[in-house]
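Q: Dropping in protein_6.cif, which is mmCIF, C-alpha atoms and all ligand atoms:
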```
data_model
#
loop_
_atom_site.group_PDB
_atom_site.id
_atom_site.type_symbol
_atom_site.label_atom_id
_atom_site.label_comp_id
_atom_site.auth_asym_id
_atom_site.auth_seq_id
_atom_site.Cartn_x
_atom_site.Cartn_y
_atom_site.Cartn_z
ATOM 1 C CA ALA F 67 0.000 0.000 0.000
ATOM 2 C CA PRO F 68 1.205 3.553 -0.683
ATOM 3 C CA GLU F 69 0.878 4.529 3.005
ATOM 4 C CA ARG F 70 3.129 1.652 4.004
ATOM 5 C CA GLN F 71 5.707 2.748 1.457
ATOM 6 C CA ARG F 72 5.491 6.318 2.705
ATOM 7 C CA TRP F 73 6.061 5.051 6.214
ATOM 8 C CA LEU F 74 9.081 3.000 5.163
ATOM 9 C CA ASP F 75 10.553 6.018 3.396
ATOM 10 C CA ARG F 76 10.146 8.183 6.495
ATOM 11 C CA LEU F 77 11.542 5.481 8.728
ATOM 12 C CA SER F 78 14.572 4.936 6.492
ATOM 13 C CA ALA F 79 15.152 8.676 6.191
ATOM 14 C CA GLY F 80 15.002 8.991 9.978
ATOM 15 C CA LEU F 81 17.246 6.050 10.671
ATOM 16 C CA ARG F 82 19.685 6.739 7.843
ATOM 17 C CA LYS F 83 21.754 9.036 10.017
ATOM 18 C CA THR F 84 22.720 5.977 12.003
ATOM 19 C CA SER F 85 22.443 3.388 9.314
ATOM 20 C CA THR F 86 25.099 5.090 7.191
ATOM 21 C CA GLY F 87 27.432 4.356 10.111
ATOM 22 C CA ILE F 88 26.498 0.692 9.993
ATOM 23 C CA SER F 89 26.435 0.455 6.188
ATOM 24 C CA GLN F 90 29.968 1.786 5.908
ATOM 25 C CA VAL F 91 31.186 -1.257 7.794
ATOM 26 C CA PHE F 92 30.433 -3.392 4.758
ATOM 27 C CA THR F 93 32.217 -1.353 2.086
ATOM 28 C CA GLY F 94 35.585 -3.096 2.505
ATOM 29 C CA ALA F 95 36.966 -5.974 0.443
ATOM 30 C CA GLN F 96 37.035 -8.778 2.983
ATOM 31 C CA ILE F 97 35.553 -10.213 6.130
ATOM 32 C CA ASP F 98 38.087 -9.838 8.922
ATOM 33 C CA ASP F 99 38.435 -8.861 12.603
ATOM 34 C CA ASN F 100 38.516 -5.239 11.588
ATOM 35 C CA LEU F 101 35.043 -5.532 10.042
ATOM 36 C CA TYR F 102 33.629 -7.075 13.205
ATOM 37 C CA GLU F 103 35.245 -4.405 15.365
ATOM 38 C CA GLU F 104 33.754 -1.665 13.221
ATOM 39 C CA LEU F 105 30.397 -3.383 13.293
ATOM 40 C CA GLU F 106 30.544 -3.573 17.071
ATOM 41 C CA SER F 107 31.182 0.155 17.450
ATOM 42 C CA ALA F 108 28.571 1.040 14.837
ATOM 43 C CA LEU F 109 25.935 -0.999 16.674
ATOM 44 C CA LEU F 110 26.892 0.587 20.005
ATOM 45 C CA MET F 111 26.721 4.033 18.397
ATOM 46 C CA ALA F 112 23.202 3.187 17.243
ATOM 47 C CA ASP F 113 22.133 2.678 20.886
ATOM 48 C CA THR F 114 21.910 -1.078 20.555
ATOM 49 C CA GLY F 115 23.457 -1.507 23.999
ATOM 50 C CA VAL F 116 26.208 -3.896 25.059
ATOM 51 C CA LYS F 117 24.101 -6.992 25.550
ATOM 52 C CA ALA F 118 22.168 -6.868 22.286
ATOM 53 C CA THR F 119 25.349 -5.901 20.401
ATOM 54 C CA GLN F 120 27.231 -8.932 21.743
ATOM 55 C CA GLN F 121 24.298 -11.192 21.001
ATOM 56 C CA LEU F 122 23.960 -9.915 17.434
ATOM 57 C CA LEU F 123 27.703 -10.105 16.789
ATOM 58 C CA GLY F 124 27.876 -13.668 18.075
ATOM 59 C CA GLU F 125 24.938 -14.701 15.936
ATOM 60 C CA VAL F 126 26.312 -12.980 12.823
ATOM 61 C CA LYS F 127 29.778 -14.553 13.211
ATOM 62 C CA ARG F 128 28.249 -17.982 13.674
ATOM 63 C CA ARG F 129 26.060 -17.641 10.597
ATOM 64 C CA VAL F 130 28.861 -16.184 8.485
ATOM 65 C CA GLN F 131 31.063 -19.173 9.309
ATOM 66 C CA ALA F 132 28.304 -21.684 8.740
ATOM 67 C CA SER F 133 27.466 -20.158 5.366
ATOM 68 C CA GLY F 134 31.032 -19.825 4.156
ATOM 69 C CA ALA F 135 30.388 -16.212 3.170
ATOM 70 C CA THR F 136 33.410 -14.355 1.834
ATOM 71 C CA ARG F 137 32.096 -10.909 0.944
ATOM 72 C CA PRO F 138 31.156 -8.121 3.384
ATOM 73 C CA VAL F 139 27.801 -7.577 1.674
ATOM 74 C CA GLN F 140 26.873 -11.126 2.680
ATOM 75 C CA VAL F 141 27.625 -10.235 6.301
ATOM 76 C CA LYS F 142 25.250 -7.325 5.954
ATOM 77 C CA ASN F 143 22.448 -9.595 4.745
ATOM 78 C CA ILE F 144 23.132 -12.001 7.579
ATOM 79 C CA LEU F 145 22.975 -9.072 10.014
ATOM 80 C CA ILE F 146 19.602 -8.029 8.561
ATOM 81 C CA ASP F 147 18.320 -11.586 9.085
ATOM 82 C CA SER F 148 19.739 -11.800 12.612
ATOM 83 C CA LEU F 149 18.246 -8.462 13.626
ATOM 84 C CA THR F 150 14.892 -9.451 12.134
ATOM 85 C CA GLN F 151 14.950 -12.646 14.162
ATOM 86 C CA LEU F 152 15.865 -10.734 17.331
ATOM 87 C CA LEU F 153 13.038 -8.211 16.832
ATOM 88 C CA LYS F 154 10.394 -10.690 15.659
ATOM 89 C CA PRO F 155 9.055 -11.452 19.175
ATOM 90 C CA LEU F 156 8.218 -7.738 19.586
ATOM 91 C CA GLU F 157 5.817 -7.859 16.633
ATOM 92 C CA LYS F 158 2.294 -8.087 17.954
ATOM 93 C CA PRO F 159 -0.956 -6.489 16.827
ATOM 94 C CA LEU F 160 -3.073 -4.496 19.237
ATOM 95 C CA VAL F 161 -6.280 -6.494 19.380
ATOM 96 C CA ILE F 162 -9.524 -4.955 20.530
ATOM 97 C CA GLY F 163 -12.981 -6.451 20.628
ATOM 98 C CA GLU F 164 -12.590 -9.096 23.286
ATOM 99 C CA PHE F 165 -13.847 -6.605 25.842
ATOM 100 C CA LYS F 166 -16.336 -3.799 25.369
ATOM 101 C CA PRO F 167 -15.029 -1.334 26.001
ATOM 102 C CA THR F 168 -11.357 -2.223 25.754
ATOM 103 C CA ILE F 169 -9.739 0.003 28.363
ATOM 104 C CA ILE F 170 -6.282 1.193 27.340
ATOM 105 C CA MET F 171 -4.121 3.113 29.777
ATOM 106 C CA VAL F 172 -1.377 5.182 28.155
ATOM 107 C CA ALA F 173 1.704 6.305 30.076
ATOM 108 C CA GLY F 174 4.958 8.070 29.228
ATOM 109 C CA VAL F 175 7.249 10.801 30.449
ATOM 110 C CA ASN F 176 6.518 14.355 29.334
ATOM 111 C CA GLY F 177 7.568 15.108 25.806
ATOM 112 C CA ALA F 178 7.723 11.462 24.723
ATOM 113 C CA GLY F 179 4.830 12.039 22.334
ATOM 114 C CA LYS F 180 2.081 10.506 24.456
ATOM 115 C CA THR F 181 -0.735 12.914 23.633
ATOM 116 C CA THR F 182 0.129 12.950 19.940
ATOM 117 C CA SER F 183 0.242 9.152 19.916
ATOM 118 C CA ILE F 184 -3.177 8.973 21.578
ATOM 119 C CA GLY F 185 -4.507 11.220 18.805
ATOM 120 C CA LYS F 186 -2.976 8.980 16.145
ATOM 121 C CA LEU F 187 -4.128 5.813 17.868
ATOM 122 C CA THR F 188 -7.660 7.201 18.026
ATOM 123 C CA LYS F 189 -7.620 7.664 14.273
ATOM 124 C CA HIS F 190 -6.167 4.198 13.727
ATOM 125 C CA LEU F 191 -8.931 2.633 15.844
ATOM 126 C CA ALA F 192 -11.654 4.767 14.265
ATOM 127 C CA ASP F 193 -10.416 3.735 10.806
ATOM 128 C CA GLU F 194 -10.950 0.141 11.907
ATOM 129 C CA GLY F 195 -14.526 1.051 12.789
ATOM 130 C CA ALA F 196 -14.156 1.311 16.564
ATOM 131 C CA THR F 197 -15.857 3.996 18.648
ATOM 132 C CA VAL F 198 -13.417 5.686 21.002
ATOM 133 C CA LEU F 199 -13.759 7.735 24.178
ATOM 134 C CA LEU F 200 -10.815 9.721 25.504
ATOM 135 C CA ALA F 201 -10.145 10.260 29.207
ATOM 136 C CA ALA F 202 -8.084 13.321 30.136
ATOM 137 C CA ALA F 203 -6.591 11.910 33.321
ATOM 138 C CA ASP F 204 -3.543 14.178 33.221
ATOM 139 C CA THR F 205 -5.301 16.848 35.232
ATOM 140 C CA PHE F 206 -2.071 18.352 36.544
ATOM 141 C CA ARG F 207 -1.351 20.354 33.407
ATOM 142 C CA ALA F 208 -4.083 22.432 31.808
ATOM 143 C CA ALA F 209 -2.140 22.264 28.533
ATOM 144 C CA ALA F 210 -2.305 18.472 28.503
ATOM 145 C CA ARG F 211 -6.078 18.572 28.834
ATOM 146 C CA GLU F 212 -6.419 21.201 26.136
ATOM 147 C CA GLN F 213 -4.124 19.332 23.777
ATOM 148 C CA LEU F 214 -6.086 16.109 24.216
ATOM 149 C CA ALA F 215 -9.311 18.031 23.514
ATOM 150 C CA VAL F 216 -7.783 19.184 20.211
ATOM 151 C CA TRP F 217 -7.043 15.563 19.219
ATOM 152 C CA ALA F 218 -10.586 14.585 20.265
ATOM 153 C CA ASP F 219 -11.938 17.341 17.972
ATOM 154 C CA ARG F 220 -9.767 16.303 15.051
ATOM 155 C CA ASN F 221 -11.064 12.765 15.382
ATOM 156 C CA THR F 222 -14.594 13.846 16.333
ATOM 157 C CA VAL F 223 -14.661 11.569 19.354
ATOM 158 C CA GLU F 224 -15.987 12.255 22.853
ATOM 159 C CA ILE F 225 -13.723 13.199 25.731
ATOM 160 C CA VAL F 226 -14.198 13.042 29.497
ATOM 161 C CA SER F 227 -12.342 15.946 31.016
ATOM 162 C CA GLN F 228 -12.650 18.084 34.110
ATOM 163 C CA ALA F 229 -10.812 21.337 34.792
ATOM 164 C CA GLY F 230 -8.902 21.072 38.062
ATOM 165 C CA GLY F 231 -10.325 17.602 38.565
ATOM 166 C CA ASP F 232 -8.760 14.617 40.215
ATOM 167 C CA PRO F 233 -7.130 12.027 37.865
ATOM 168 C CA ALA F 234 -8.787 9.146 39.680
ATOM 169 C CA ALA F 235 -12.241 10.744 39.426
ATOM 170 C CA VAL F 236 -11.833 11.522 35.717
ATOM 171 C CA THR F 237 -10.646 7.969 35.073
ATOM 172 C CA PHE F 238 -13.552 6.433 36.955
ATOM 173 C CA ASP F 239 -16.049 8.688 35.150
ATOM 174 C CA ALA F 240 -14.549 7.891 31.772
ATOM 175 C CA VAL F 241 -14.586 4.114 32.206
ATOM 176 C CA THR F 242 -18.154 4.270 33.513
ATOM 177 C CA ALA F 243 -19.209 6.541 30.624
ATOM 178 C CA GLY F 244 -17.467 4.260 28.118
ATOM 179 C CA LYS F 245 -19.496 1.317 29.361
ATOM 180 C CA ALA F 246 -22.773 3.241 29.549
ATOM 181 C CA ARG F 247 -22.338 4.696 26.051
ATOM 182 C CA GLY F 248 -21.344 1.363 24.521
ATOM 183 C CA LYS F 249 -17.922 2.526 23.294
ATOM 184 C CA ASP F 250 -15.469 0.023 21.861
ATOM 185 C CA VAL F 251 -12.373 1.619 23.350
ATOM 186 C CA VAL F 252 -11.545 3.996 26.211
ATOM 187 C CA LEU F 253 -8.101 5.577 25.963
ATOM 188 C CA VAL F 254 -6.854 6.956 29.269
ATOM 189 C CA ASP F 255 -4.221 9.690 28.987
ATOM 190 C CA THR F 256 -2.099 9.893 32.141
ATOM 191 C CA ALA F 257 0.357 12.408 33.555
ATOM 192 C CA GLY F 258 3.995 12.284 32.528
ATOM 193 C CA ARG F 259 5.199 14.616 35.221
ATOM 194 C CA LEU F 260 3.728 15.674 38.562
ATOM 195 C CA PRO F 261 4.145 18.527 40.998
ATOM 196 C CA THR F 262 7.499 17.766 42.622
ATOM 197 C CA GLN F 263 6.169 16.566 45.963
ATOM 198 C CA MET F 264 4.217 13.777 44.290
ATOM 199 C CA HIS F 265 5.424 10.415 43.094
ATOM 200 C CA LEU F 266 4.588 9.639 39.446
ATOM 201 C CA MET F 267 4.581 5.850 39.697
ATOM 202 C CA GLU F 268 2.398 5.961 42.812
ATOM 203 C CA GLU F 269 -0.094 8.154 41.007
ATOM 204 C CA LEU F 270 -0.130 5.882 37.940
ATOM 205 C CA ARG F 271 -0.663 2.815 40.111
ATOM 206 C CA LYS F 272 -3.569 4.614 41.703
ATOM 207 C CA ILE F 273 -5.133 5.288 38.287
ATOM 208 C CA LYS F 274 -4.697 1.623 37.402
ATOM 209 C CA ARG F 275 -6.497 0.627 40.618
ATOM 210 C CA VAL F 276 -9.346 3.003 39.801
ATOM 211 C CA VAL F 277 -9.668 1.479 36.329
ATOM 212 C CA GLN F 278 -9.861 -1.951 37.966
ATOM 213 C CA LYS F 279 -12.494 -0.693 40.363
ATOM 214 C CA ALA F 280 -14.628 0.640 37.507
ATOM 215 C CA ASP F 281 -14.160 -2.565 35.459
ATOM 216 C CA ALA F 282 -12.773 -5.684 37.133
ATOM 217 C CA THR F 283 -11.379 -7.028 33.822
ATOM 218 C CA ALA F 284 -9.481 -3.812 33.037
ATOM 219 C CA PRO F 285 -7.095 -2.263 32.155
ATOM 220 C CA HIS F 286 -6.864 -4.510 29.106
ATOM 221 C CA GLU F 287 -3.772 -2.787 27.828
ATOM 222 C CA VAL F 288 -1.140 -0.655 29.529
ATOM 223 C CA LEU F 289 0.923 1.135 26.893
ATOM 224 C CA LEU F 290 4.122 3.086 27.332
ATOM 225 C CA VAL F 291 5.066 5.783 24.842
ATOM 226 C CA ILE F 292 8.809 6.260 24.477
ATOM 227 C CA ASP F 293 10.810 8.741 22.443
ATOM 228 C CA GLY F 294 13.064 6.855 20.014
ATOM 229 C CA ASN F 295 15.676 9.587 20.417
ATOM 230 C CA THR F 296 16.349 8.971 24.085
ATOM 231 C CA GLY F 297 18.712 6.063 23.467
ATOM 232 C CA GLN F 298 19.489 3.740 26.326
ATOM 233 C CA ASN F 299 17.358 5.875 28.626
ATOM 234 C CA ALA F 300 14.329 4.488 26.802
ATOM 235 C CA LEU F 301 15.236 1.048 28.120
ATOM 236 C CA ALA F 302 15.390 2.422 31.673
ATOM 237 C CA GLN F 303 11.910 3.875 31.187
ATOM 238 C CA VAL F 304 10.529 0.572 29.928
ATOM 239 C CA ARG F 305 11.939 -1.139 33.030
ATOM 240 C CA ALA F 306 10.594 1.443 35.486
ATOM 241 C CA PHE F 307 7.083 1.641 34.023
ATOM 242 C CA ASP F 308 6.867 -2.118 33.639
ATOM 243 C CA ASP F 309 7.817 -2.596 37.292
ATOM 244 C CA ALA F 310 5.163 -0.111 38.373
ATOM 245 C CA LEU F 311 2.320 -0.951 35.994
ATOM 246 C CA GLY F 312 2.972 -4.174 34.118
ATOM 247 C CA LEU F 313 3.227 -3.017 30.507
ATOM 248 C CA THR F 314 1.458 -4.838 27.671
ATOM 249 C CA GLY F 315 2.865 -2.801 24.785
ATOM 250 C CA LEU F 316 5.027 0.072 23.560
ATOM 251 C CA ILE F 317 4.676 2.915 21.111
ATOM 252 C CA ILE F 318 8.060 4.226 19.971
ATOM 253 C CA THR F 319 7.861 7.752 18.602
ATOM 254 C CA LYS F 320 9.986 10.109 16.522
ATOM 255 C CA LEU F 321 11.686 7.444 14.429
ATOM 256 C CA ASP F 322 11.449 9.897 11.533
ATOM 257 C CA GLY F 323 13.826 12.274 13.286
ATOM 258 C CA THR F 324 17.336 11.574 14.443
ATOM 259 C CA ALA F 325 16.485 8.380 16.264
ATOM 260 C CA LYS F 326 19.186 5.779 16.307
ATOM 261 C CA GLY F 327 16.786 2.875 16.273
ATOM 262 C CA GLY F 328 19.131 0.364 17.854
ATOM 263 C CA VAL F 329 17.381 0.783 21.178
ATOM 264 C CA ILE F 330 14.645 -1.550 19.911
ATOM 265 C CA ALA F 331 17.239 -4.323 19.786
ATOM 266 C CA ALA F 332 18.201 -3.487 23.372
ATOM 267 C CA ILE F 333 14.534 -3.706 24.393
ATOM 268 C CA ALA F 334 14.189 -7.048 22.582
ATOM 269 C CA THR F 335 17.179 -8.444 24.442
ATOM 270 C CA GLU F 336 16.657 -7.008 27.901
ATOM 271 C CA LYS F 337 12.974 -6.190 28.365
ATOM 272 C CA PRO F 338 10.921 -7.649 25.538
ATOM 273 C CA VAL F 339 7.647 -5.735 25.667
ATOM 274 C CA PRO F 340 5.750 -5.859 22.321
ATOM 275 C CA VAL F 341 6.033 -2.797 20.086
ATOM 276 C CA TYR F 342 2.514 -2.163 18.852
ATOM 277 C CA PHE F 343 3.239 0.971 16.878
ATOM 278 C CA VAL F 344 5.988 3.324 15.811
ATOM 279 C CA GLY F 345 5.545 7.050 15.238
ATOM 280 C CA VAL F 346 7.129 8.618 12.173
ATOM 281 C CA GLY F 347 5.832 12.186 12.280
ATOM 282 C CA GLU F 348 3.581 14.711 13.964
ATOM 283 C CA LYS F 349 0.436 14.173 11.927
ATOM 284 C CA LEU F 350 -2.593 11.974 12.579
ATOM 285 C CA GLU F 351 -1.627 9.401 9.996
ATOM 286 C CA ASP F 352 2.001 9.108 11.116
ATOM 287 C CA LEU F 353 1.557 5.942 13.145
ATOM 288 C CA GLU F 354 2.311 2.496 11.787
ATOM 289 C CA THR F 355 2.296 -1.050 13.073
ATOM 290 C CA PHE F 356 5.739 -2.386 13.874
ATOM 291 C CA ASN F 357 7.249 -4.952 11.542
ATOM 292 C CA ALA F 358 10.601 -6.525 12.443
ATOM 293 C CA ARG F 359 11.875 -7.152 8.933
ATOM 294 C CA GLU F 360 10.876 -3.729 7.619
ATOM 295 C CA PHE F 361 12.578 -2.138 10.600
ATOM 296 C CA ALA F 362 15.788 -4.144 10.142
ATOM 297 C CA LEU F 363 15.853 -3.233 6.452
ATOM 298 C CA ALA F 364 15.242 0.452 7.166
ATOM 299 C CA LEU F 365 18.027 0.487 9.712
ATOM 300 C CA LEU F 366 20.623 -1.518 7.820
ATOM 301 C CA GLN F 367 19.992 -1.424 4.099
HETATM 302 P P1 LIG U 1 3.658 14.312 25.577
HETATM 303 O O1 LIG U 1 4.195 15.367 26.494
HETATM 304 O O2 LIG U 1 4.297 12.988 25.824
HETATM 305 O O3 LIG U 1 2.173 14.238 25.536
HETATM 306 O O4 LIG U 1 4.194 14.701 24.126
HETATM 307 P P2 LIG U 1 3.454 15.382 22.903
HETATM 308 O O5 LIG U 1 2.457 14.438 22.330
HETATM 309 O O6 LIG U 1 2.983 16.730 23.293
HETATM 310 O O7 LIG U 1 4.659 15.471 21.866
HETATM 311 C C1 LIG U 1 5.811 16.225 22.126
HETATM 312 C C2 LIG U 1 6.375 16.747 20.797
HETATM 313 O O8 LIG U 1 6.824 15.655 19.995
HETATM 314 C C3 LIG U 1 5.344 17.461 19.960
HETATM 315 O O9 LIG U 1 5.968 18.564 19.339
HETATM 316 C C4 LIG U 1 4.922 16.431 18.907
HETATM 317 O O10 LIG U 1 4.480 17.010 17.716
HETATM 318 C C5 LIG U 1 6.219 15.678 18.712
HETATM 319 N N1 LIG U 1 6.029 14.295 18.247
HETATM 320 C C6 LIG U 1 5.268 13.318 18.791
HETATM 321 N N2 LIG U 1 5.380 12.169 18.102
HETATM 322 C C7 LIG U 1 6.231 12.419 17.065
HETATM 323 C C8 LIG U 1 6.774 11.611 15.988
HETATM 324 O O11 LIG U 1 6.513 10.409 15.824
HETATM 325 N N3 LIG U 1 7.637 12.244 15.138
HETATM 326 C C9 LIG U 1 7.981 13.559 15.290
HETATM 327 N N4 LIG U 1 8.840 14.082 14.404
HETATM 328 N N5 LIG U 1 7.508 14.321 16.288
HETATM 329 C C10 LIG U 1 6.646 13.764 17.165
#
```
Reformat the file's structure so that it appears as structure tokens.

A:
Amino acid sequence: APERQRWLDRLSAGLRKTSTGISQVFTGAQIDDNLYEELESALLMADTGVKATQQLLGEVKRRVQASGATRPVQVKNILIDSLTQLLKPLEKPLVIGEFKPTIIMVAGVNGAGKTTSIGKLTKHLADEGATVLLAAADTFRAAAREQLAVWADRNTVEIVSQAGGDPAAVTFDAVTAGKARGKDVVLVDTAGRLPTQMHLMEELRKIKRVVQKADATAPHEVLLVIDGNTGQNALAQVRAFDDALGLTGLIITKLDGTAKGGVIAAIATEKPVPVYFVGVGEKLEDLETFNAREFALALLQ
């Protein structure tokens, strides 16, 4: 489809800044220690992290030997295959419909692209024919509420919001309204930063408990939005939010920018939470499902 191609182009353009570093490794005449050393530093430079880098290198060397490859370009193809295999377990579609409504809690530190991603996700779900209700549970920042209302408008979906309200109350109201109004999905936007005296993870756990109180089967999904540009710090965020909330999926944003992309390999190796979507721009349609092979090709080809 043309949209898929457009996405791939944006992803490749975004990742090219790093991938040129990796591609250059394969321009020499032979496969030798020097090539592997350069590959190791290029992978580390791309935020792949020590563990995933060692794992990939080991796998590539093994496959190169087994195949009897003699040309660097063959190593590159083997690397593409190895990375695809490493990332494959992260490929998973977001499935709705088992519960009505499906309650999706969305978390992420400020600036990660959480609100934008909720707007895009709303469109994605609406395009699939689902009715969506938004819950503005980040009541700490007026701007967050206003921004979510803009995305609700753009998608012409309903929003439960309350100036100066309490996040728990807004969440409870929204889940209850979602059920009463027969919505397919309730998307709960949560705070990414709190007034300094408050503890973010505590507050998020509280929202999760309120969701459970309003619907004993929920939340059905707990998503974390991470900025693809934050490198190894993204992995730390995945760990911290998973410990606090039990994540079911990730949305990785800004892969159209200067993202290094390798952090997905680090996530696959150290904290394999499925990547439901990747963001490749600021507009409504700039969200795509994650595909391991396409990603490996965009990063390495
Ligand atoms: P929040 O604080 O986590 O809710 O972050 P926002 O949704 O407000 O996004 C922060 C900034 O990142 C905004 O300027 C967005 O337009 C931008 N942004 C979000 N997702 C993407 C993306 O996938 N690509 C690019 N280039 N920018 C993005």

Q: With 8 Å on each side, where is the centre of the axis-aligned box around all listed atoms of ligand LIG 1 (chain U), and how long are its edges in Å to one decimal, as AutoDock Vina command-line options?

A:
```
--center_x 5.5 --center_y 14.5 --center_z 20.4 --size_x 22.7 --size_y 24.2 --size_z 28.1
```

Q: May I have the residues within 10 Å of Glu212 in chain F as a VMD selection string, using all atoms listed in the file and disregarding those fewer than 5 positions away in the same chain?

A: chain F and resid 202 207 217 to 218 227 229

Q: Of the residues F:Gly294, F:Pro155, F:Gly134, F:Pro167, which is the one nearest to ligand LIG 1 (chain U), using only C-alpha atoms and all ligand atoms?

A: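 Ranked by minimum distance to ligand LIG 1 (chain U), first place goes to F:Gly294.
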
Q: Return as a compact mmCIF listing (two decimals) with C-alpha atoms, in the coordinates of the input every polymer residue, whether protein, DNA or RNA, with at least one atom no more than 7 Å from an atom of ligand LIG 1 (chain U); count only C-alpha atoms and all ligand atoms.

A:
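Heads up, here's the output in selection_23.txt:
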```txt
# COMPACT_ATOMS: atom_id res chain seq x y z
CA GLY F 174 4.96 8.07 29.23
CA VAL F 175 7.25 10.80 30.45
CA ASN F 176 6.52 14.36 29.33
CA GLY F 177 7.57 15.11 25.81
CA ALA F 178 7.72 11.46 24.72
CA GLY F 179 4.83 12.04 22.33
CA LYS F 180 2.08 10.51 24.46
CA THR F 181 -0.74 12.91 23.63
CA THR F 182 0.13 12.95 19.94
CA SER F 183 0.24 9.15 19.92
CA ALA F 210 -2.31 18.47 28.50
CA GLY F 258 4.00 12.28 32.53
CA THR F 319 7.86 7.75 18.60
CA LYS F 320 9.99 10.11 16.52
CA LEU F 321 11.69 7.44 14.43
CA ASP F 322 11.45 9.90 11.53
CA GLY F 323 13.83 12.27 13.29
CA GLY F 345 5.54 7.05 15.24
CA VAL F 346 7.13 8.62 12.17
CA GLY F 347 5.83 12.19 12.28
CA GLU F 348 3.58 14.71 13.96
CA ASP F 352 2.00 9.11 11.12
```

Q: Would you please work out which residue, of F:Leu149, F:Ala132, F:Leu353, F:Ala235, is nearest to Arg275 in chain F when using only C-alpha atoms?

A: F:Ala235

Q: Find the residues near range 304-307 of chain F: any atom within 9 Å, counting only C-alpha atoms, skip ones fewer than 2 places away on the same chain, and give them as a list in words.

A: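 Listed by chain and then number, they are Ala173, Gly174, Met267, Leu290, Ile292, Asn299, Ala300, Leu301, Ala302, Asp309, Ala310, Leu311, Gly312, Leu313, Leu316, Ile333, Lys337 and Val339 of chain F.
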
Q: Would you kindly place N, CA and C atoms on range 217-230 of chain F and return the model as a compact mmCIF listing (two decimals), keeping the file's coordinate frame?

A:
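Contents of result_2.txt, freshly written:
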```
# COMPACT_ATOMS: atom_id res chain seq x y z
N TRP F 217 -7.09 16.86 19.92
CA TRP F 217 -7.04 15.56 19.22
C TRP F 217 -8.43 14.93 19.18
N ALA F 218 -9.21 15.12 20.25
CA ALA F 218 -10.59 14.58 20.26
C ALA F 218 -11.40 15.25 19.16
N ASP F 219 -11.25 16.58 19.02
CA ASP F 219 -11.94 17.34 17.97
C ASP F 219 -11.56 16.85 16.58
N ARG F 220 -10.25 16.73 16.37
CA ARG F 220 -9.77 16.30 15.05
C ARG F 220 -10.34 14.95 14.66
N ASN F 221 -10.54 14.11 15.66
CA ASN F 221 -11.06 12.76 15.38
C ASN F 221 -12.58 12.68 15.57
N THR F 222 -13.17 13.80 15.95
CA THR F 222 -14.59 13.85 16.33
C THR F 222 -14.99 12.67 17.23
N VAL F 223 -14.28 12.55 18.33
CA VAL F 223 -14.66 11.57 19.35
C VAL F 223 -14.93 12.30 20.67
N GLU F 224 -15.65 11.63 21.57
CA GLU F 224 -15.99 12.26 22.85
C GLU F 224 -14.80 12.19 23.81
N ILE F 225 -14.80 13.15 24.74
CA ILE F 225 -13.72 13.20 25.73
C ILE F 225 -14.34 13.45 27.10
N VAL F 226 -13.80 12.76 28.12
CA VAL F 226 -14.20 13.04 29.50
C VAL F 226 -13.06 13.82 30.12
N SER F 227 -13.37 15.03 30.55
CA SER F 227 -12.34 15.95 31.02
C SER F 227 -12.94 16.81 32.11
N GLN F 228 -12.11 17.32 32.99
CA GLN F 228 -12.65 18.08 34.11
C GLN F 228 -11.57 19.05 34.59
N ALA F 229 -11.81 20.34 34.38
CA ALA F 229 -10.81 21.34 34.79
C ALA F 229 -10.55 21.21 36.30
N GLY F 230 -9.27 21.14 36.64
CA GLY F 230 -8.90 21.07 38.06
C GLY F 230 -9.36 19.80 38.76
```
